[in-house]
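Here is the file data-v5.cif (mmCIF, C-alpha atoms).
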```
data_work
#
loop_
_atom_site.label_atom_id
_atom_site.label_comp_id
_atom_site.auth_asym_id
_atom_site.auth_seq_id
_atom_site.Cartn_x
_atom_site.Cartn_y
_atom_site.Cartn_z
CA MET Y 1 12.39 -13.25 -10.52
CA THR Y 2 10.66 -10.00 -11.44
CA THR Y 3 7.56 -8.95 -9.52
CA ASN Y 4 4.87 -7.45 -11.75
CA ILE Y 5 3.14 -4.62 -9.89
CA SER Y 6 -0.20 -3.08 -10.79
CA VAL Y 7 -1.52 -0.02 -8.98
CA LEU Y 8 -5.12 1.05 -8.32
CA VAL Y 9 -5.54 4.80 -7.88
CA SER Y 10 -8.18 7.51 -7.71
CA GLY Y 11 -6.21 10.71 -7.23
CA ARG Y 12 -2.78 12.29 -7.40
CA GLY Y 13 -0.83 9.13 -6.61
CA SER Y 14 1.88 10.55 -4.34
CA ASN Y 15 2.42 7.15 -2.70
CA PHE Y 16 2.64 5.59 -6.16
CA GLN Y 17 5.31 8.18 -7.01
CA SER Y 18 7.28 7.37 -3.85
CA ILE Y 19 7.40 3.72 -4.91
CA LEU Y 20 8.45 4.66 -8.44
CA ASP Y 21 11.22 6.84 -7.00
CA ALA Y 22 12.44 4.07 -4.72
CA ALA Y 23 12.62 1.66 -7.66
CA ALA Y 24 14.45 4.25 -9.79
CA GLU Y 25 16.98 4.72 -6.98
CA GLY Y 26 17.56 0.96 -6.76
CA LEU Y 27 16.01 0.66 -3.31
CA ILE Y 28 13.38 -1.70 -4.74
CA LYS Y 29 14.82 -4.22 -7.16
CA ASP Y 30 13.47 -6.69 -9.68
CA VAL Y 31 10.06 -5.09 -10.09
CA ASN Y 32 8.10 -4.14 -13.19
CA PHE Y 33 5.21 -1.69 -13.11
CA ALA Y 34 2.70 -3.48 -15.31
CA CYS Y 35 -0.20 -1.02 -15.28
CA VAL Y 36 -1.99 1.69 -13.36
CA ILE Y 37 -5.79 1.51 -13.16
CA SER Y 38 -8.03 4.38 -12.07
CA ASP Y 39 -11.75 4.88 -11.60
CA LYS Y 40 -11.21 8.62 -12.24
CA LYS Y 41 -10.42 9.70 -15.81
CA GLU Y 42 -8.55 12.84 -14.73
CA ALA Y 43 -6.55 11.24 -11.92
CA LYS Y 44 -3.07 12.75 -11.68
CA ALA Y 45 -1.72 9.25 -11.07
CA LEU Y 46 -2.61 8.23 -14.64
CA GLU Y 47 -0.46 11.10 -15.87
CA ARG Y 48 2.37 9.93 -13.62
CA ALA Y 49 2.05 6.47 -15.17
CA ARG Y 50 2.20 7.80 -18.74
CA ASP Y 51 5.23 9.96 -17.85
CA ASN Y 52 6.99 6.76 -16.77
CA ASN Y 53 5.91 4.69 -19.80
CA ILE Y 54 3.54 2.59 -17.71
CA GLU Y 55 0.21 1.58 -19.20
CA ALA Y 56 -2.51 3.82 -17.77
CA VAL Y 57 -6.07 2.46 -17.80
CA PHE Y 58 -9.26 4.32 -16.95
CA VAL Y 59 -12.16 2.05 -16.01
CA ASP Y 60 -15.40 4.01 -15.92
CA PRO Y 61 -17.65 2.92 -13.02
CA LYS Y 62 -20.66 4.27 -14.93
CA SER Y 63 -20.19 1.53 -17.53
CA PHE Y 64 -21.01 -1.19 -15.01
CA SER Y 65 -24.21 -2.03 -13.19
CA SER Y 66 -22.55 -3.06 -9.92
CA ARG Y 67 -19.33 -2.99 -7.93
CA ALA Y 68 -18.96 -6.69 -8.67
CA GLU Y 69 -19.04 -6.14 -12.43
CA PHE Y 70 -16.59 -3.27 -12.13
CA ASP Y 71 -14.16 -5.39 -10.11
CA ARG Y 72 -14.44 -8.27 -12.57
CA GLU Y 73 -13.15 -5.90 -15.24
CA VAL Y 74 -10.33 -4.84 -12.93
CA ILE Y 75 -9.47 -8.49 -12.30
CA ARG Y 76 -9.42 -9.13 -16.05
CA ILE Y 77 -6.96 -6.28 -16.59
CA LEU Y 78 -4.77 -7.38 -13.68
CA LYS Y 79 -4.58 -10.92 -15.01
CA GLU Y 80 -3.94 -9.65 -18.53
CA HIS Y 81 -0.83 -7.94 -17.13
CA ASP Y 82 0.35 -11.00 -15.16
CA THR Y 83 0.08 -9.06 -11.91
CA ASP Y 84 1.93 -10.46 -8.90
CA LEU Y 85 1.24 -7.60 -6.48
CA VAL Y 86 -1.65 -5.12 -6.40
CA LEU Y 87 -1.11 -1.78 -4.66
CA LEU Y 88 -3.97 0.44 -3.55
CA ALA Y 89 -2.59 3.99 -3.61
CA GLY Y 90 -5.28 6.49 -2.77
CA TYR Y 91 -7.91 4.21 -4.30
CA MET Y 92 -11.28 5.46 -3.09
CA ARG Y 93 -13.41 2.43 -3.89
CA ILE Y 94 -14.16 -0.40 -1.48
CA ILE Y 95 -13.07 -3.49 -3.35
CA THR Y 96 -15.22 -6.60 -3.50
CA GLU Y 97 -14.51 -9.95 -1.91
CA GLU Y 98 -14.10 -11.40 -5.41
CA LEU Y 99 -11.12 -9.13 -6.08
CA VAL Y 100 -9.66 -9.82 -2.65
CA ASP Y 101 -9.95 -13.57 -3.22
CA ALA Y 102 -8.41 -13.33 -6.70
CA TYR Y 103 -5.26 -11.80 -5.19
CA ALA Y 104 -5.33 -13.09 -1.62
CA GLY Y 105 -2.14 -12.12 0.19
CA LYS Y 106 -1.10 -10.06 -2.81
CA ILE Y 107 -2.98 -6.77 -2.30
CA MET Y 108 -1.50 -3.99 -0.17
CA ASN Y 109 -3.01 -0.77 1.07
CA ILE Y 110 -1.71 2.17 3.09
CA HIS Y 111 -3.94 3.89 5.63
CA PRO Y 112 -3.16 7.20 7.41
CA ALA Y 113 -3.71 5.88 10.93
CA LEU Y 114 -2.30 3.28 13.29
CA LEU Y 115 -4.74 0.46 12.62
CA PRO Y 116 -6.90 -0.98 14.02
CA ALA Y 117 -7.69 2.53 15.30
CA PHE Y 118 -9.46 5.06 13.08
CA LYS Y 119 -10.57 3.03 10.09
CA GLY Y 120 -12.27 4.53 7.08
CA LEU Y 121 -12.32 8.13 5.89
CA HIS Y 122 -10.84 11.18 7.65
CA ALA Y 123 -8.57 9.10 9.86
CA GLN Y 124 -6.48 12.12 10.83
CA LYS Y 125 -9.57 14.01 12.03
CA GLN Y 126 -10.68 10.94 13.96
CA ALA Y 127 -7.29 10.84 15.68
CA LEU Y 128 -7.42 14.53 16.59
CA ASP Y 129 -11.00 14.29 17.83
CA TYR Y 130 -10.06 11.35 20.03
CA GLY Y 131 -7.13 13.25 21.51
CA VAL Y 132 -4.35 10.77 20.80
CA LYS Y 133 -0.74 11.82 21.38
CA VAL Y 134 0.71 9.62 18.61
CA ALA Y 135 -0.62 9.07 15.10
CA GLY Y 136 0.87 7.48 12.00
CA CYS Y 137 0.31 5.19 9.05
CA THR Y 138 -0.15 1.49 8.41
CA VAL Y 139 0.72 -0.66 5.40
CA HIS Y 140 -1.36 -3.82 5.46
CA PHE Y 141 -2.52 -6.69 3.34
CA VAL Y 142 -6.11 -6.27 2.20
CA GLU Y 143 -8.99 -8.45 3.34
CA ALA Y 144 -12.71 -8.18 2.64
CA ASP Y 145 -13.35 -6.17 5.81
CA LEU Y 146 -12.44 -2.48 5.59
CA ASP Y 147 -8.90 -1.64 6.81
CA ALA Y 148 -8.71 -4.97 8.59
CA GLY Y 149 -5.95 -7.00 6.93
CA PRO Y 150 -2.69 -8.21 8.54
CA ILE Y 151 -0.32 -5.34 9.32
CA ILE Y 152 3.04 -5.19 7.52
CA ILE Y 153 4.61 -1.89 8.65
CA GLN Y 154 3.56 1.01 10.85
CA ARG Y 155 5.31 4.36 11.26
CA THR Y 156 4.45 6.98 13.85
CA VAL Y 157 4.42 10.76 14.25
CA PRO Y 158 3.68 12.85 17.35
CA VAL Y 159 0.47 14.82 17.50
CA LEU Y 160 1.55 18.38 18.22
CA PRO Y 161 -0.31 21.16 20.04
CA GLY Y 162 -2.28 23.17 17.52
CA ASP Y 163 -2.29 20.41 14.89
CA THR Y 164 -5.05 20.57 12.30
CA GLU Y 165 -6.29 17.74 10.15
CA ASP Y 166 -4.17 19.06 7.28
CA SER Y 167 -0.96 19.58 9.27
CA LEU Y 168 -1.20 16.12 10.79
CA ALA Y 169 -1.98 14.58 7.40
CA ASP Y 170 1.08 16.27 5.88
CA ARG Y 171 3.37 14.89 8.57
CA ILE Y 172 1.89 11.40 8.28
CA LEU Y 173 2.30 11.51 4.49
CA VAL Y 174 6.07 11.89 4.89
CA GLU Y 175 6.07 8.57 6.77
CA GLU Y 176 3.74 6.97 4.22
CA HIS Y 177 6.34 7.69 1.54
CA LYS Y 178 8.87 5.70 3.57
CA ALA Y 179 6.66 2.84 4.73
CA TYR Y 180 4.99 1.87 1.45
CA PRO Y 181 8.19 1.50 -0.60
CA GLU Y 182 9.70 -0.53 2.23
CA ALA Y 183 6.74 -2.91 2.27
CA VAL Y 184 6.94 -3.32 -1.50
CA ARG Y 185 10.66 -4.04 -1.26
CA LEU Y 186 10.08 -6.74 1.34
CA PHE Y 187 7.39 -8.36 -0.80
CA ALA Y 188 9.54 -8.28 -3.93
CA GLU Y 189 12.40 -9.90 -2.02
CA GLY Y 190 10.13 -12.66 -0.71
CA LYS Y 191 10.59 -11.58 2.89
CA LEU Y 192 6.95 -11.39 3.96
CA GLU Y 193 4.98 -14.35 5.33
CA ILE Y 194 1.40 -14.17 6.59
CA ARG Y 195 0.70 -16.33 9.64
CA GLY Y 196 -2.87 -15.77 10.71
CA ARG Y 197 -3.13 -12.14 11.84
CA ASN Y 198 0.64 -11.69 11.85
CA VAL Y 199 2.99 -10.74 9.04
CA ILE Y 200 6.45 -12.20 9.61
CA ILE Y 201 9.25 -10.09 8.15
CA LYS Y 202 11.93 -12.68 7.55
CA GLU Y 203 14.93 -10.37 7.51
CA TRP Y 204 13.95 -8.97 10.91
CA TRP Y 205 13.67 -12.45 12.40
CA LYS Y 206 17.08 -13.34 10.96
CA LYS Y 207 18.61 -10.29 12.62
CA ILE Y 208 16.91 -11.02 15.95
CA ALA Y 209 18.04 -14.65 15.83
CA GLY Y 210 21.59 -13.52 15.14
CA ARG Y 211 21.52 -11.18 18.11
CA LYS Y 212 20.17 -13.85 20.46
CA SER Y 213 22.77 -16.39 19.36
CA GLY Y 214 25.59 -13.88 19.48
CA LYS Y 215 26.45 -14.69 15.90
CA LYS Y 216 26.72 -12.02 13.27
CA THR Y 217 24.58 -12.48 10.20
CA ALA Y 218 25.30 -10.95 6.82
CA ASP Y 219 22.72 -8.27 7.42
CA SER Y 220 22.98 -7.81 11.20
CA TRP Y 221 22.20 -4.39 12.64
#
```
Can the structure from this file be put into structure tokens for me?
Amino acid sequence: MTTNISVLVSGRGSNFQSILDAAAEGLIKDVNFACVISDKKEAKALERARDNNIEAVFVDPKSFSSRAEFDREVIRILKEHDTDLVLLAGYMRIITEELVDAYAGKIMNIHPALLPAFKGLHAQKQALDYGVKVAGCTVHFVEADLDAGPIIIQRTVPVLPGDTEDSLADRILVEEHKAYPEAVRLFAEGKLEIRGRNVIIKEWWKKIAGRKSGKKTADSW
């Protein structure tokens, strides 16, 4: 079964590109990129979409009287494209509960911090200001509360002496480009299950079970 993916973007879309690249390389299989939606007319990500023959849609926030009306238009477009999975990739709008409910368990976001620490904007600066020794990124399912949904994958980087917000962000971005495609692959393969606050990654549990039993599974480490 093919998973129809729609992507919400506001900027350059480098995480979107990393997912496109992974699909082109065969690392993510049986997916179709249905559309890319942006609230910014000049977003580089829309250009990336057009370059890959993916429908690019600009939805102008100024045409709507409220966030709710804007998101209803987004929902209409997503449904029009038979969307199975919604990816937030540098999308700078806080989405409404109505959109979250319309695609419950089917919206992913990536955040440049190890949630639940350092939610919101300027997460890298928050990490540096706090003095942490390890930073990273988190791919999570989206809930109505900001940066609060069940965690799928986290990847870490060390915080180095002399790091700036930009240098730390650059190093985290390298890990984002690994983590997000991996989360999409797991979803497309039906290997993610949400149990309360926890996301069960089925292939990991299969490997762990195989190790405990002493039996080799087809995909054992």
The PyMOL selection byres ((chain Y and resi 181-189) around 8) on the file shown: which residues, as a count of residues only? 21
Atom pair CA of Val7 (chain Y) / CA of Glu175 (chain Y): separation (Å):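 Interatomic distance, CA of Val7 (chain Y) to CA of Glu175 (chain Y): 19.5 Å.
For the atom pair formed by CA of Lys40 (chain Y) and CA of Asn15 (chain Y), the distance is 16.7 Å, given to one decimal.
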One number please: CA of Leu128 (chain Y) to CA of Ser14 (chain Y), in Å, one decimal. 23.2 Å
Specify as a VMD selection string each residue included when the PyMOL selection byres ((chain Y and resi 120) around 9) is applied to this file. chain Y and resid 111 118 to 119 121 to 123 146 to 147
Starting from the shown file, work through the PyMOL selection byres ((chain Y and resi 60) around 12) and note down what comes out as a VMD selection string. chain Y and resid 10 37 to 42 57 to 59 61 to 67 69 to 71 73 to 74
With distances taken over all atoms listed in the file, which of Y:Arg76, Y:Ala23, Y:Ala113, Y:Ala45 is nearest to Glu98 (chain Y)?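 Between Y:Arg76, Y:Ala23, Y:Ala113, Y:Ala45, the residue approaching Glu98 (chain Y) most closely is Y:Arg76.
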Which is closer to Leu46 (chain Y) than all the others in Y:Val9, Y:Ala34, Y:Val132, Y:Ile77, using only C-alpha atoms?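 Closest residue, counting only C-alpha atoms: Y:Val9.
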Keeping C-alpha atoms (and nothing else), can you write region 109-185 of chain Y of this structure as an mmCIF file, in the first residue's frame?
```
data_model
loop_
_atom_site.group_PDB
_atom_site.id
_atom_site.type_symbol
_atom_site.label_atom_id
_atom_site.label_comp_id
_atom_site.auth_asym_id
_atom_site.auth_seq_id
_atom_site.Cartn_x
_atom_site.Cartn_y
_atom_site.Cartn_z
ATOM 1 C CA ASN Y 109 7.148 17.255 13.356
ATOM 2 C CA ILE Y 110 10.880 17.586 13.924
ATOM 3 C CA HIS Y 111 12.210 19.870 16.646
ATOM 4 C CA PRO Y 112 15.887 20.878 17.121
ATOM 5 C CA ALA Y 113 16.085 19.862 20.781
ATOM 6 C CA LEU Y 114 15.747 16.779 22.943
ATOM 7 C CA LEU Y 115 12.125 17.159 23.988
ATOM 8 C CA PRO Y 116 10.576 17.737 26.428
ATOM 9 C CA ALA Y 117 13.439 20.184 27.035
ATOM 10 C CA PHE Y 118 13.608 23.482 25.149
ATOM 11 C CA LYS Y 119 10.257 23.725 23.421
ATOM 12 C CA GLY Y 120 9.330 26.517 21.064
ATOM 13 C CA LEU Y 121 11.586 28.899 19.166
ATOM 14 C CA HIS Y 122 15.384 29.213 19.414
ATOM 15 C CA ALA Y 123 15.794 25.780 20.972
ATOM 16 C CA GLN Y 124 19.534 25.739 20.284
ATOM 17 C CA LYS Y 125 20.017 29.053 22.115
ATOM 18 C CA GLN Y 126 17.928 27.751 25.004
ATOM 19 C CA ALA Y 127 20.196 24.703 25.222
ATOM 20 C CA LEU Y 128 23.367 26.808 25.193
ATOM 21 C CA ASP Y 129 21.991 29.240 27.758
ATOM 22 C CA TYR Y 130 21.093 26.356 30.046
ATOM 23 C CA GLY Y 131 24.585 24.897 29.751
ATOM 24 C CA VAL Y 132 23.701 21.379 28.618
ATOM 25 C CA LYS Y 133 26.482 19.057 27.453
ATOM 26 C CA VAL Y 134 24.317 17.144 24.956
ATOM 27 C CA ALA Y 135 21.772 18.527 22.494
ATOM 28 C CA GLY Y 136 19.956 17.007 19.546
ATOM 29 C CA CYS Y 137 16.683 16.658 17.689
ATOM 30 C CA THR Y 138 13.339 14.952 18.191
ATOM 31 C CA VAL Y 139 10.835 13.574 15.702
ATOM 32 C CA HIS Y 140 7.429 13.338 17.331
ATOM 33 C CA PHE Y 141 3.767 12.952 16.594
ATOM 34 C CA VAL Y 142 1.894 16.234 16.904
ATOM 35 C CA GLU Y 143 -0.680 16.991 19.572
ATOM 36 C CA ALA Y 144 -2.549 20.197 20.345
ATOM 37 C CA ASP Y 145 0.039 21.288 22.932
ATOM 38 C CA LEU Y 146 3.221 22.795 21.490
ATOM 39 C CA ASP Y 147 6.073 20.286 20.979
ATOM 40 C CA ALA Y 148 4.348 17.827 23.281
ATOM 41 C CA GLY Y 149 3.396 14.777 21.205
ATOM 42 C CA PRO Y 150 4.705 11.208 21.642
ATOM 43 C CA ILE Y 151 8.376 10.894 20.706
ATOM 44 C CA ILE Y 152 9.339 8.678 17.754
ATOM 45 C CA ILE Y 153 13.106 9.180 17.344
ATOM 46 C CA GLN Y 154 15.773 11.297 19.009
ATOM 47 C CA ARG Y 155 19.362 11.825 17.884
ATOM 48 C CA THR Y 156 22.068 13.556 19.892
ATOM 49 C CA VAL Y 157 25.127 15.735 19.350
ATOM 50 C CA PRO Y 158 27.697 16.959 21.890
ATOM 51 C CA VAL Y 159 27.738 20.612 22.823
ATOM 52 C CA LEU Y 160 31.309 21.730 22.172
ATOM 53 C CA PRO Y 161 33.322 24.486 23.860
ATOM 54 C CA GLY Y 162 32.868 27.693 21.916
ATOM 55 C CA ASP Y 163 29.628 26.573 20.253
ATOM 56 C CA THR Y 164 27.346 29.324 18.999
ATOM 57 C CA GLU Y 165 23.665 29.034 18.264
ATOM 58 C CA ASP Y 166 24.492 28.688 14.565
ATOM 59 C CA SER Y 167 27.263 26.101 14.938
ATOM 60 C CA LEU Y 168 25.124 23.957 17.213
ATOM 61 C CA ALA Y 169 22.136 24.311 14.881
ATOM 62 C CA ASP Y 170 24.256 23.185 11.915
ATOM 63 C CA ARG Y 171 25.426 20.069 13.738
ATOM 64 C CA ILE Y 172 21.904 19.227 14.896
ATOM 65 C CA LEU Y 173 20.589 19.691 11.347
ATOM 66 C CA VAL Y 174 22.851 16.873 10.126
ATOM 67 C CA GLU Y 175 21.086 14.560 12.590
ATOM 68 C CA GLU Y 176 17.662 15.927 11.635
ATOM 69 C CA HIS Y 177 18.330 14.826 8.051
ATOM 70 C CA LYS Y 178 18.858 11.275 9.335
ATOM 71 C CA ALA Y 179 16.090 11.108 11.925
ATOM 72 C CA TYR Y 180 13.162 12.467 9.905
ATOM 73 C CA PRO Y 181 13.542 10.119 6.909
ATOM 74 C CA GLU Y 182 13.891 7.199 9.313
ATOM 75 C CA ALA Y 183 10.654 8.116 11.091
ATOM 76 C CA VAL Y 184 8.848 8.430 7.760
ATOM 77 C CA ARG Y 185 10.175 5.037 6.680
#
```
